[in-house]
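**Q** Just coords11.txt, nothing more (compact mmCIF, C-alpha atoms):
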```txt
# COMPACT_ATOMS: atom_id res chain seq x y z
CA MET A 228 14.36 -18.16 -17.45
CA THR A 229 13.17 -15.94 -20.32
CA SER A 230 9.48 -15.47 -21.01
CA THR A 231 9.65 -17.89 -23.95
CA GLN A 232 11.03 -20.82 -21.95
CA GLN A 233 8.62 -23.33 -20.43
CA ASP A 234 8.38 -23.67 -16.67
CA PRO A 235 7.89 -27.37 -15.88
CA GLN A 236 5.72 -26.48 -12.87
CA LEU A 237 3.14 -24.66 -15.01
CA ASP A 238 0.37 -26.11 -17.10
CA GLY A 239 -0.45 -24.64 -20.50
CA GLY A 240 -2.83 -21.99 -19.15
CA ASP A 241 -0.37 -20.80 -16.53
CA GLN A 242 2.41 -20.68 -19.10
CA GLN A 243 0.30 -18.41 -21.27
CA LEU A 244 -0.15 -16.04 -18.31
CA ARG A 245 3.60 -16.03 -17.69
CA ASP A 246 4.25 -15.24 -21.34
CA GLY A 247 2.23 -12.04 -21.08
CA ASP A 248 -0.59 -13.18 -23.35
CA ARG A 249 -3.49 -12.26 -21.06
CA GLN A 250 -5.88 -10.31 -23.24
CA GLY A 251 -8.00 -7.38 -22.12
CA PRO A 252 -11.73 -7.31 -22.82
CA ALA A 253 -13.00 -6.16 -26.18
CA GLU A 254 -12.35 -2.52 -27.00
CA GLY A 255 -15.11 -0.18 -25.91
CA ARG A 256 -16.41 -2.32 -23.04
CA ILE A 257 -16.56 -0.74 -19.62
CA ASN A 258 -13.78 -3.01 -18.37
CA ASP A 259 -11.46 -2.43 -21.33
CA ARG A 260 -7.92 -2.94 -20.02
CA SER A 261 -6.67 0.03 -22.03
CA ARG A 262 -8.33 2.31 -19.49
CA PHE A 263 -5.42 1.60 -17.15
CA GLY A 264 -1.92 2.81 -18.00
CA PHE A 265 1.29 4.43 -16.81
CA GLU A 266 3.45 7.10 -18.45
CA ILE A 267 6.81 8.38 -17.23
CA GLU A 268 7.36 12.13 -17.54
CA ALA A 269 10.78 12.67 -15.94
CA ARG A 270 13.57 10.53 -14.49
CA LEU A 271 16.29 10.77 -11.89
CA ALA A 272 19.75 9.35 -12.50
CA THR A 273 19.20 7.13 -9.43
CA GLY A 274 16.17 5.39 -10.95
CA GLY A 275 13.39 7.56 -9.57
CA ARG A 276 10.72 8.95 -11.83
CA ALA A 277 7.67 11.20 -12.06
CA GLY A 278 4.72 9.97 -14.07
CA THR A 279 0.97 9.45 -14.28
CA ILE A 280 -1.11 6.34 -13.59
CA ARG A 281 -4.38 6.30 -15.54
CA THR A 282 -7.36 4.53 -13.94
CA PRO A 283 -11.07 4.36 -14.79
CA HIS A 284 -11.76 6.80 -11.94
CA GLY A 285 -9.07 9.35 -12.72
CA ASP A 286 -5.34 9.93 -12.95
CA ILE A 287 -2.76 9.60 -10.16
CA ARG A 288 0.22 11.89 -10.63
CA THR A 289 3.27 10.12 -9.25
CA PRO A 290 5.12 9.97 -6.94
CA ALA A 291 1.97 9.99 -4.79
CA PHE A 292 1.07 9.16 -1.21
CA VAL A 293 -2.19 7.22 -0.83
CA PRO A 294 -3.99 7.66 2.54
CA VAL A 295 -5.27 4.45 4.10
CA GLY A 296 -9.00 4.08 4.63
CA THR A 297 -8.84 0.62 6.17
CA LYS A 298 -12.58 0.04 6.60
CA ALA A 299 -13.72 2.24 3.69
CA THR A 300 -12.95 5.41 5.64
CA VAL A 301 -9.88 7.42 6.50
CA LYS A 302 -10.54 7.42 10.22
CA ALA A 303 -12.27 10.56 11.53
CA VAL A 304 -12.18 12.36 8.14
CA ARG A 305 -14.91 12.81 5.52
CA PRO A 306 -14.12 11.81 1.92
CA ASP A 307 -14.51 15.40 0.69
CA ASP A 308 -11.96 16.50 3.29
CA VAL A 309 -9.57 13.80 2.04
CA ALA A 310 -9.96 15.19 -1.48
CA ALA A 311 -9.57 18.78 -0.27
CA LEU A 312 -6.25 18.04 1.44
CA GLY A 313 -4.87 16.88 -1.91
CA ALA A 314 -5.16 13.09 -1.83
CA GLN A 315 -5.58 11.56 -5.28
CA ALA A 316 -6.55 8.04 -4.18
CA VAL A 317 -7.34 6.02 -1.07
CA LEU A 318 -6.51 2.44 -0.08
CA ALA A 319 -8.87 0.10 1.80
CA ASN A 320 -8.27 -3.31 3.30
CA ALA A 321 -9.75 -6.47 1.81
CA TYR A 322 -9.50 -8.49 5.05
CA HIS A 323 -11.44 -5.98 7.15
CA LEU A 324 -14.10 -5.30 4.50
CA TYR A 325 -14.55 -9.02 3.86
CA LEU A 326 -15.33 -9.51 7.55
CA GLN A 327 -17.42 -6.35 7.87
CA PRO A 328 -19.72 -5.40 6.17
CA GLY A 329 -18.97 -8.09 3.56
CA ALA A 330 -17.62 -7.69 0.03
CA ASP A 331 -21.01 -8.63 -1.46
CA ILE A 332 -22.65 -5.60 0.15
CA ILE A 333 -19.99 -3.26 -1.25
CA ASP A 334 -20.41 -4.86 -4.67
CA GLU A 335 -24.17 -4.32 -4.49
CA ALA A 336 -23.54 -0.66 -3.59
CA GLY A 337 -21.56 -0.22 -6.81
CA GLY A 338 -18.05 -0.79 -5.49
CA LEU A 339 -15.77 0.76 -2.90
CA GLY A 340 -15.80 4.32 -4.23
CA ALA A 341 -19.58 4.49 -4.50
CA PHE A 342 -20.01 2.84 -1.10
CA MET A 343 -17.77 5.33 0.72
CA GLY A 344 -18.63 8.43 -1.30
CA TRP A 345 -15.19 8.75 -2.93
CA SER A 346 -15.11 9.58 -6.63
CA GLY A 347 -11.38 9.17 -7.26
CA PRO A 348 -9.13 6.13 -7.77
CA THR A 349 -9.10 3.40 -5.13
CA PHE A 350 -6.71 0.62 -4.07
CA THR A 351 -7.37 -2.50 -2.02
CA ASP A 352 -4.64 -4.68 -0.57
CA SER A 353 -5.03 -8.44 -0.75
CA GLY A 354 -5.72 -9.04 2.94
CA GLY A 355 -2.47 -11.00 3.26
CA PHE A 356 -0.83 -8.63 5.74
CA GLN A 357 -3.77 -8.72 8.14
CA VAL A 358 -4.30 -12.47 7.79
CA MET A 359 -0.65 -13.05 8.72
CA SER A 360 -0.13 -10.30 11.31
CA LEU A 361 -3.42 -10.63 13.16
CA GLY A 362 -3.40 -14.39 12.73
CA SER A 363 0.09 -14.79 14.14
CA GLY A 364 -0.88 -12.93 17.28
CA PHE A 365 1.16 -9.82 16.45
CA LYS A 366 -1.88 -7.55 16.02
CA LYS A 367 -0.66 -4.32 14.36
CA VAL A 368 3.06 -4.88 14.89
CA ILE A 369 5.18 -7.55 13.22
CA PRO A 370 8.76 -8.23 14.39
CA MET A 371 11.15 -6.71 11.86
CA ALA A 372 14.44 -7.10 13.71
CA ALA A 373 16.93 -9.20 11.78
CA THR A 374 18.14 -10.97 14.91
CA GLY A 375 17.04 -14.23 16.47
CA GLU A 376 15.90 -16.08 13.37
CA GLN A 377 13.24 -18.70 14.02
CA ASN A 378 10.91 -20.81 11.98
CA ASP A 379 7.38 -19.55 11.35
CA ASP A 380 5.69 -21.44 14.18
CA ALA A 381 8.23 -20.41 16.78
CA ILE A 382 7.78 -16.68 16.23
CA ALA A 383 4.42 -16.51 17.95
CA VAL A 384 5.37 -18.57 21.02
CA GLY A 385 3.28 -17.49 23.98
CA LYS A 386 0.61 -15.89 21.76
CA GLU A 387 -2.58 -17.32 20.37
CA ARG A 388 -1.94 -18.29 16.77
CA MET A 389 -5.05 -17.51 14.73
CA SER A 390 -3.83 -18.41 11.23
CA ASN A 391 -2.17 -21.35 9.53
CA VAL A 392 -0.54 -21.33 6.10
CA ASP A 393 -0.58 -24.27 3.70
CA GLU A 394 0.15 -24.63 0.02
CA ASP A 395 -3.39 -23.79 -1.02
CA GLY A 396 -3.97 -20.76 1.22
CA VAL A 397 -4.46 -19.54 4.79
CA THR A 398 -7.06 -20.57 7.37
CA PHE A 399 -7.61 -17.88 9.98
CA LYS A 400 -9.81 -16.90 12.88
CA SER A 401 -11.66 -13.60 12.72
CA HIS A 402 -10.35 -11.07 15.22
CA LEU A 403 -13.95 -9.79 15.52
CA ASP A 404 -15.90 -12.86 16.59
CA GLY A 405 -13.61 -15.88 16.46
CA THR A 406 -15.27 -17.47 13.43
CA MET A 407 -13.04 -19.44 11.06
CA HIS A 408 -12.37 -18.27 7.49
CA ARG A 409 -10.12 -19.21 4.61
CA PHE A 410 -8.31 -17.02 2.07
CA THR A 411 -6.79 -18.51 -1.05
CA ALA A 412 -5.45 -16.74 -4.12
CA GLU A 413 -8.84 -17.21 -5.74
CA VAL A 414 -10.81 -16.00 -2.72
CA SER A 415 -8.67 -12.86 -2.43
CA MET A 416 -9.34 -12.08 -6.09
CA GLN A 417 -13.06 -12.71 -5.69
CA VAL A 418 -13.25 -10.45 -2.65
CA GLN A 419 -11.26 -7.67 -4.32
CA HIS A 420 -13.31 -7.84 -7.51
CA GLN A 421 -16.45 -7.40 -5.41
CA LEU A 422 -14.83 -4.45 -3.63
CA GLY A 423 -14.20 -2.97 -7.06
CA ALA A 424 -11.02 -0.94 -6.51
CA ASP A 425 -9.08 0.40 -9.50
CA ILE A 426 -5.85 -1.24 -8.29
CA ILE A 427 -5.81 -4.57 -6.45
CA PHE A 428 -2.97 -6.78 -5.21
CA ALA A 429 -2.17 -10.46 -5.61
CA PHE A 430 -2.40 -12.60 -2.48
CA ASP A 431 1.03 -13.20 -0.94
CA GLU A 432 2.55 -14.65 2.20
CA LEU A 433 4.07 -12.08 4.52
CA THR A 434 7.26 -13.11 6.32
CA THR A 435 9.29 -11.26 8.94
CA LEU A 436 13.02 -10.82 9.38
CA MET A 437 12.85 -13.43 12.13
CA ASN A 438 11.98 -16.16 9.63
CA THR A 439 14.86 -18.42 8.64
CA ARG A 440 16.45 -18.29 5.19
CA GLY A 441 14.95 -21.69 4.45
CA TYR A 442 11.45 -20.54 5.31
CA GLN A 443 11.91 -17.36 3.24
CA GLU A 444 12.74 -19.52 0.22
CA GLU A 445 9.71 -21.76 0.73
CA SER A 446 7.45 -18.77 1.22
CA LEU A 447 8.76 -16.95 -1.85
CA GLU A 448 8.03 -19.95 -4.05
CA ARG A 449 4.57 -20.27 -2.51
CA THR A 450 3.89 -16.60 -3.23
CA ARG A 451 5.03 -17.13 -6.84
CA ARG A 452 2.56 -19.97 -7.29
CA TRP A 453 -0.19 -17.94 -5.64
CA ALA A 454 0.61 -15.05 -8.03
CA LEU A 455 -0.03 -17.30 -11.02
CA ARG A 456 -3.34 -18.41 -9.55
CA CYS A 457 -4.29 -14.79 -8.81
CA ALA A 458 -3.58 -13.81 -12.41
CA ALA A 459 -5.68 -16.66 -13.75
CA GLU A 460 -8.62 -15.91 -11.45
CA HIS A 461 -8.33 -12.19 -12.17
CA GLN A 462 -8.62 -12.89 -15.89
CA ARG A 463 -11.66 -15.10 -15.34
CA LEU A 464 -13.40 -12.54 -13.16
CA THR A 465 -12.58 -9.66 -15.51
CA GLU A 466 -14.28 -11.49 -18.35
CA GLU A 467 -17.21 -12.50 -16.15
CA ARG A 468 -17.77 -9.05 -14.63
CA SER A 469 -17.81 -7.00 -17.83
CA HIS A 470 -20.32 -4.59 -16.24
CA ARG A 471 -17.60 -3.25 -13.90
CA PRO A 472 -14.61 -1.03 -14.80
CA TYR A 473 -11.26 -2.73 -15.37
CA GLN A 474 -9.25 -3.42 -12.22
CA ALA A 475 -5.45 -3.39 -12.48
CA LEU A 476 -3.73 -6.32 -10.75
CA PHE A 477 -0.35 -5.75 -9.07
CA GLY A 478 1.94 -8.64 -8.13
CA VAL A 479 3.58 -8.42 -4.71
CA LEU A 480 7.34 -8.92 -4.24
CA GLN A 481 8.67 -10.58 -1.10
CA GLY A 482 12.16 -11.87 -0.24
CA ALA A 483 13.02 -10.00 2.97
CA GLN A 484 16.55 -8.58 2.85
CA TYR A 485 18.12 -11.24 0.63
CA GLU A 486 19.28 -9.78 -2.66
CA ASP A 487 18.99 -13.04 -4.59
CA LEU A 488 15.44 -13.64 -3.31
CA ARG A 489 14.28 -10.10 -4.00
CA ARG A 490 15.73 -10.19 -7.51
CA LYS A 491 14.23 -13.62 -8.14
CA ALA A 492 10.80 -12.41 -7.02
CA ALA A 493 11.08 -9.40 -9.32
CA ARG A 494 12.14 -11.52 -12.29
CA ASP A 495 9.47 -14.17 -11.68
CA LEU A 496 6.59 -11.73 -11.23
CA GLY A 497 7.96 -9.29 -13.79
CA ALA A 498 7.63 -12.03 -16.41
CA MET A 499 3.94 -12.44 -15.57
CA ASP A 500 1.31 -10.19 -17.07
CA PHE A 501 0.70 -7.91 -14.09
CA ASP A 502 -0.33 -4.27 -14.51
CA GLY A 503 2.11 -3.13 -11.84
CA PHE A 504 3.91 -4.32 -8.75
CA GLY A 505 3.77 -3.95 -4.99
CA ILE A 506 6.96 -4.05 -2.95
CA GLY A 507 6.13 -5.65 0.38
CA GLY A 508 7.58 -7.73 3.14
CA ALA A 509 10.12 -7.29 5.85
CA LEU A 510 13.07 -4.95 5.55
CA GLU A 511 15.15 -2.78 7.83
CA LYS A 512 15.00 0.98 7.37
CA GLU A 513 18.65 1.35 6.40
CA ASN A 514 18.20 -1.15 3.55
CA LEU A 515 15.07 0.41 2.06
CA GLY A 516 16.68 2.15 -0.91
CA THR A 517 18.98 -0.77 -1.66
CA ILE A 518 16.11 -3.28 -1.80
CA ILE A 519 13.95 -1.04 -4.00
CA GLY A 520 16.97 -0.64 -6.27
CA TRP A 521 17.39 -4.41 -6.58
CA VAL A 522 13.79 -4.97 -7.66
CA ALA A 523 13.69 -1.88 -9.88
CA ASP A 524 16.66 -3.32 -11.79
CA GLU A 525 14.62 -6.43 -12.62
CA LEU A 526 11.07 -5.10 -13.09
CA PRO A 527 9.61 -3.78 -16.36
CA GLU A 528 10.34 -0.06 -16.39
CA LEU A 529 6.99 1.03 -17.81
CA LYS A 530 4.84 -0.43 -15.05
CA PRO A 531 4.12 1.36 -11.74
CA ARG A 532 5.59 0.25 -8.40
CA HIS A 533 3.75 0.64 -5.12
CA LEU A 534 5.67 0.48 -1.83
CA LEU A 535 3.48 -0.85 0.94
CA GLY A 536 3.52 0.77 4.36
CA ILE A 537 5.87 3.79 4.55
CA SER A 538 5.30 7.49 5.24
CA GLU A 539 8.27 9.00 7.10
CA PRO A 540 9.92 11.88 5.17
CA ASP A 541 13.38 10.29 4.93
CA ASP A 542 11.90 6.98 3.78
CA LEU A 543 9.84 8.76 1.13
CA PHE A 544 12.87 10.52 -0.36
CA THR A 545 14.89 7.30 -0.28
CA ALA A 546 12.14 5.20 -1.87
CA ILE A 547 11.36 7.75 -4.56
CA ALA A 548 15.02 8.14 -5.49
CA ALA A 549 15.29 4.35 -5.91
CA GLY A 550 12.25 4.07 -8.17
CA ALA A 551 9.04 3.62 -6.16
CA ASP A 552 6.00 5.48 -7.49
CA THR A 553 3.19 5.28 -4.93
CA PHE A 554 3.00 4.64 -1.19
CA ASP A 555 0.47 3.97 1.55
CA CYS A 556 0.66 3.93 5.32
CA VAL A 557 -1.71 4.18 8.28
CA SER A 558 0.85 6.13 10.34
CA PRO A 559 -0.18 9.74 9.57
CA SER A 560 -3.75 9.17 10.75
CA ARG A 561 -2.83 6.78 13.56
CA VAL A 562 -0.28 9.07 15.21
CA ALA A 563 -2.64 12.04 14.74
CA ARG A 564 -5.22 10.34 16.96
CA ASN A 565 -2.49 10.04 19.60
CA ALA A 566 -1.61 13.75 19.44
CA ALA A 567 1.55 13.50 17.29
CA VAL A 568 1.65 16.07 14.47
CA TYR A 569 4.09 16.81 11.65
CA THR A 570 5.77 20.14 10.93
CA ARG A 571 8.60 21.24 8.66
CA ASP A 572 10.76 21.28 11.80
CA GLY A 573 9.90 17.76 12.91
CA ARG A 574 7.13 15.89 14.66
CA PHE A 575 5.90 16.82 18.13
CA ASN A 576 3.16 15.89 20.57
CA ILE A 577 0.54 18.62 20.82
CA SER A 578 -0.78 17.38 24.15
CA GLY A 579 2.24 18.88 25.95
CA ALA A 580 1.66 21.49 28.64
CA ARG A 581 3.72 24.07 26.73
CA TYR A 582 0.93 24.39 24.15
CA ARG A 583 -1.81 25.27 26.66
CA ARG A 584 -1.60 28.98 25.76
CA ASP A 585 -0.02 28.65 22.31
CA PHE A 586 -2.44 30.33 19.91
CA GLY A 587 -0.44 29.75 16.77
CA PRO A 588 -1.14 26.99 14.21
CA ILE A 589 0.47 23.57 14.30
CA ASP A 590 2.78 24.69 11.48
CA PRO A 591 2.77 28.34 10.33
CA GLU A 592 3.94 27.20 6.87
CA CYS A 593 1.09 24.73 6.40
CA GLY A 594 -1.90 25.48 4.18
CA CYS A 595 -4.26 22.81 5.55
CA HIS A 596 -7.73 23.62 6.89
CA THR A 597 -6.63 22.89 10.44
CA CYS A 598 -3.65 25.24 10.41
CA GLN A 599 -5.64 27.97 8.70
CA ASN A 600 -8.39 27.95 11.32
CA PHE A 601 -7.31 26.44 14.66
CA SER A 602 -4.59 26.96 17.26
CA ARG A 603 -2.35 24.58 19.10
CA ALA A 604 -4.07 25.63 22.34
CA TYR A 605 -7.49 24.71 20.96
CA LEU A 606 -6.27 21.36 19.64
CA ARG A 607 -4.66 20.55 22.98
CA HIS A 608 -7.95 21.41 24.69
CA LEU A 609 -9.84 19.05 22.36
CA PHE A 610 -7.39 16.26 23.10
CA LYS A 611 -7.57 16.71 26.86
CA ALA A 612 -11.36 16.94 26.70
CA LYS A 613 -11.47 13.75 24.61
CA GLU A 614 -13.47 15.51 21.89
CA MET A 615 -13.84 13.62 18.60
CA LEU A 616 -13.07 16.78 16.61
CA PHE A 617 -9.45 16.47 17.74
CA SER A 618 -8.88 13.34 15.66
CA THR A 619 -10.53 14.94 12.64
CA LEU A 620 -8.48 18.12 12.69
CA CYS A 621 -5.12 16.48 13.41
CA THR A 622 -5.69 13.76 10.82
CA ILE A 623 -6.47 16.40 8.20
CA HIS A 624 -3.20 18.13 9.07
CA ASN A 625 -1.00 15.00 9.07
CA GLU A 626 -2.43 13.61 5.84
CA TYR A 627 -2.08 17.03 4.21
CA PHE A 628 1.54 17.24 5.32
CA ILE A 629 2.58 13.87 3.84
CA VAL A 630 0.40 14.03 0.70
CA ASN A 631 1.72 17.47 -0.18
CA LEU A 632 5.32 16.64 0.70
CA VAL A 633 5.21 13.85 -1.89
CA ALA A 634 3.54 16.19 -4.38
CA GLU A 635 6.39 18.65 -3.76
CA ILE A 636 8.91 15.87 -4.36
CA ARG A 637 7.18 15.07 -7.65
CA GLN A 638 7.49 18.69 -8.76
CA SER A 639 11.16 18.74 -7.78
CA ILE A 640 11.78 15.79 -10.13
CA LEU A 641 10.06 17.65 -12.96
CA ASP A 642 12.07 20.79 -12.16
CA GLY A 643 15.41 18.99 -11.80
CA ARG A 644 15.94 19.94 -8.15
CA PHE A 645 15.19 16.71 -6.29
CA ARG A 646 18.47 16.63 -4.33
CA GLU A 647 18.17 20.28 -3.32
CA LEU A 648 14.67 19.70 -1.95
CA GLU A 649 15.80 16.54 -0.15
CA ALA A 650 18.62 18.40 1.61
CA GLU A 651 16.33 21.29 2.53
CA VAL A 652 13.42 19.21 3.86
CA LEU A 653 15.38 16.54 5.72
CA GLY A 654 17.87 19.07 7.06
CA ARG A 655 15.06 20.90 8.83
CA TYR A 656 12.87 17.94 9.77
CA TYR A 657 15.63 15.93 11.46
CA ALA A 658 17.67 18.86 12.81
```
For this file, produce the structure as structure tokens.

**A**
Amino acid sequence: MTSTQQDPQLDGGDQQLRDGDRQGPAEGRINDRSRFGFEIEARLATGGRAGTIRTPHGDIRTPAFVPVGTKATVKAVRPDDVAALGAQAVLANAYHLYLQPGADIIDEAGGLGAFMGWSGPTFTDSGGFQVMSLGSGFKKVIPMAATGEQNDDAIAVGKERMSNVDEDGVTFKSHLDGTMHRFTAEVSMQVQHQLGADIIFAFDELTTLMNTRGYQEESLERTRRWALRCAAEHQRLTEERSHRPYQALFGVLQGAQYEDLRRKAARDLGAMDFDGFGIGGALEKENLGTIIGWVADELPELKPRHLLGISEPDDLFTAIAAGADTFDCVSPSRVARNAAVYTRDGRFNISGARYRRDFGPIDPECGCHTCQNFSRAYLRHLFKAKEMLFSTLCTIHNEYFIVNLVAEIRQSILDGRFRELEAEVLGRYYA
């Protein structure tokens, strides 16, 4: 369906949103939509690109890795340290901040950046991932194996199911205190507008690779309808909250590993007036580049694409080559707290006995504060002594490693040597 054809499921207002007629606020107002934009500076033959995202709180040079500050903090690290290691933006979680301390408190503080002492661009996800994953009893891990397909209710057999999806939204139980809550497309937009991030995401339903094809189809259509409602509520709130800077709304693409569903999601949401797009949902590692390629074929070229939840070096090269622009993942900070650290020659666990008298840095080629000032022996001591400083120093290192690897990839695109860098980095890291 082209953008000029009428969708019988939409009323007149929704049709206008699909046709791309959503208007920004009047020029010169603080929430003028023109303060957000995206320019492409260089391209790869494979579809990758280097560019710049403009936001009210600064530019993001892409490709870029965005550290995750789930609860308005990158765990164990001060905001000025996050800036010093090279991060251009941070991403926080709407679900967690809605539950604690409450989006209204963050709004009263002046928004996420002001609340957490971060002056650069910010992202918030819609809360959909946490509502589904925590609510289904999976906690931080969702089954992503493509075997043993089941319907949605059967996946969580033997676990307490704390969320239930219906056409209007999701009812879920707080993992903090057991109280009941409800997220709809409108509620997610209201929460994220109060949080005040520069880039926010439409509310979507997360599925896993264990869901049946039939359920994937139902869920994709539900996510499409929620996307329309998110766009309408976003427009209403933007006009109502003219005292706050403009927030860019990204639609989220689902469809698991089905080419027709992924392409349909990209066409459907690409025809709506989103500022950019998030690529989410279940996929197997070996299909990452293929799936990004499918959606990149269908999406508007001059809008940014954010890939949710990856950070491994091979995945980053694959995703960037296929056309993804920004990325987020909790893994660098999470594994750091468990003693796993990155180096150019691979990842290792610094708690090992071999490092007891190793007075060299984690990575002699690394320029981070940790590697410039502390030894492996000292870090191992901190870990064994259960000192909080361990998490701080190793998180600084891991975030620095991934943030600056992606910055290096960006420069290689500008310099025309992307494939050479890929061969060099991955050849060493996975040797």

**Q** Just the number, please: distance in Å from atom CA of A:Glu649 to atom CA of A:Thr545, one decimal.

**A** 9.3 Å

**Q** Could you tell me how far atom CA of A:Gly643 lies from atom CA of A:Leu312, in Å and to one decimal?

**A** 25.4 Å

**Q** When distances are computed from only C-alpha atoms, which of A:Pro290, A:Gly296, A:Gly354, A:Gly507 shows the smallest separation from A:Val557?

**A**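 The shortest atom-to-atom distance to A:Val557 comes from A:Gly296.
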
**Q** Excluding same-chain residues fewer than 2 positions from A:Asn576, what lies within 6 Å of it counting only C-alpha atoms, as a ChimeraX atom specification?

**A** /A:566-567,578

**Q** Residues near A:Leu641, anyone? I mean within 8 Å using all atoms listed in the file, not counting same-chain ones fewer than 6 positions away, as a list of chain:residue names.

**A** A:Glu268, A:Ala269, A:Ala277

**Q** Name the residues, using the chain letters and numbers of the file, that sit within 12 Å of (-12.5, -8.5, 10.1) when counting only C-alpha atoms, and give them as a PyMOL selection string.

**A** chain A and resi 297-298+320-330+354+357-358+361-362+399-408

**Q** Of the candidates A:Leu632, A:Ile577, A:Ala459, A:Cys593, which one gets nearest to A:Leu609 if we count all atoms listed in the file?

**A**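 Residue with the minimum atom-to-atom distance to A:Leu609: A:Ile577.
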
**Q** Closest to A:Phe504 among A:His461, A:Ile427, A:Gly654, A:Arg564, using all atoms listed in the file?

**A**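 Using all atoms listed in the file, A:Phe504 sits closest to A:Ile427.
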
**Q** Please return stretch 282-296 of chain A, rebuilt to N, CA and C atoms, as a PDB file, in the coordinates of the input.

**A**
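After the write, selection.pdb holds the following:
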```
ATOM      1  N   THR A 282      -6.391   5.516 -14.406  1.00  0.00           N
ATOM      2  CA  THR A 282      -7.360   4.530 -13.940  1.00  0.00           C
ATOM      3  C   THR A 282      -8.741   4.928 -14.425  1.00  0.00           C
ATOM      4  N   PRO A 283      -9.708   4.013 -14.384  1.00  0.00           N
ATOM      5  CA  PRO A 283     -11.070   4.360 -14.790  1.00  0.00           C
ATOM      6  C   PRO A 283     -11.711   5.479 -13.979  1.00  0.00           C
ATOM      7  N   HIS A 284     -11.193   5.744 -12.783  1.00  0.00           N
ATOM      8  CA  HIS A 284     -11.760   6.800 -11.940  1.00  0.00           C
ATOM      9  C   HIS A 284     -10.855   8.008 -11.806  1.00  0.00           C
ATOM     10  N   GLY A 285      -9.907   8.165 -12.715  1.00  0.00           N
ATOM     11  CA  GLY A 285      -9.070   9.350 -12.720  1.00  0.00           C
ATOM     12  C   GLY A 285      -7.590   9.031 -12.699  1.00  0.00           C
ATOM     13  N   ASP A 286      -6.793  10.055 -12.894  1.00  0.00           N
ATOM     14  CA  ASP A 286      -5.340   9.930 -12.950  1.00  0.00           C
ATOM     15  C   ASP A 286      -4.722  10.094 -11.563  1.00  0.00           C
ATOM     16  N   ILE A 287      -3.583   9.443 -11.366  1.00  0.00           N
ATOM     17  CA  ILE A 287      -2.760   9.600 -10.160  1.00  0.00           C
ATOM     18  C   ILE A 287      -1.405  10.103 -10.623  1.00  0.00           C
ATOM     19  N   ARG A 288      -1.071  11.317 -10.259  1.00  0.00           N
ATOM     20  CA  ARG A 288       0.220  11.890 -10.630  1.00  0.00           C
ATOM     21  C   ARG A 288       1.267  11.413  -9.632  1.00  0.00           C
ATOM     22  N   THR A 289       2.290  10.768 -10.122  1.00  0.00           N
ATOM     23  CA  THR A 289       3.270  10.120  -9.250  1.00  0.00           C
ATOM     24  C   THR A 289       4.603  10.854  -9.265  1.00  0.00           C
ATOM     25  N   PRO A 290       5.390  10.719  -8.171  1.00  0.00           N
ATOM     26  CA  PRO A 290       5.120   9.970  -6.940  1.00  0.00           C
ATOM     27  C   PRO A 290       3.884  10.506  -6.215  1.00  0.00           C
ATOM     28  N   ALA A 291       3.190   9.615  -5.507  1.00  0.00           N
ATOM     29  CA  ALA A 291       1.970   9.990  -4.790  1.00  0.00           C
ATOM     30  C   ALA A 291       1.847   9.181  -3.513  1.00  0.00           C
ATOM     31  N   PHE A 292       1.391   9.852  -2.460  1.00  0.00           N
ATOM     32  CA  PHE A 292       1.070   9.160  -1.210  1.00  0.00           C
ATOM     33  C   PHE A 292      -0.427   8.890  -1.179  1.00  0.00           C
ATOM     34  N   VAL A 293      -0.799   7.667  -0.824  1.00  0.00           N
ATOM     35  CA  VAL A 293      -2.190   7.220  -0.830  1.00  0.00           C
ATOM     36  C   VAL A 293      -2.645   7.010   0.621  1.00  0.00           C
ATOM     37  N   PRO A 294      -3.501   7.874   1.169  1.00  0.00           N
ATOM     38  CA  PRO A 294      -3.990   7.660   2.540  1.00  0.00           C
ATOM     39  C   PRO A 294      -4.729   6.337   2.668  1.00  0.00           C
ATOM     40  N   VAL A 295      -4.629   5.741   3.843  1.00  0.00           N
ATOM     41  CA  VAL A 295      -5.270   4.450   4.100  1.00  0.00           C
ATOM     42  C   VAL A 295      -6.637   4.657   4.738  1.00  0.00           C
ATOM     43  N   GLY A 296      -7.653   4.120   4.074  1.00  0.00           N
ATOM     44  CA  GLY A 296      -9.000   4.080   4.630  1.00  0.00           C
ATOM     45  C   GLY A 296      -9.364   2.635   4.889  1.00  0.00           C
TER      46      GLY A 296
END
```
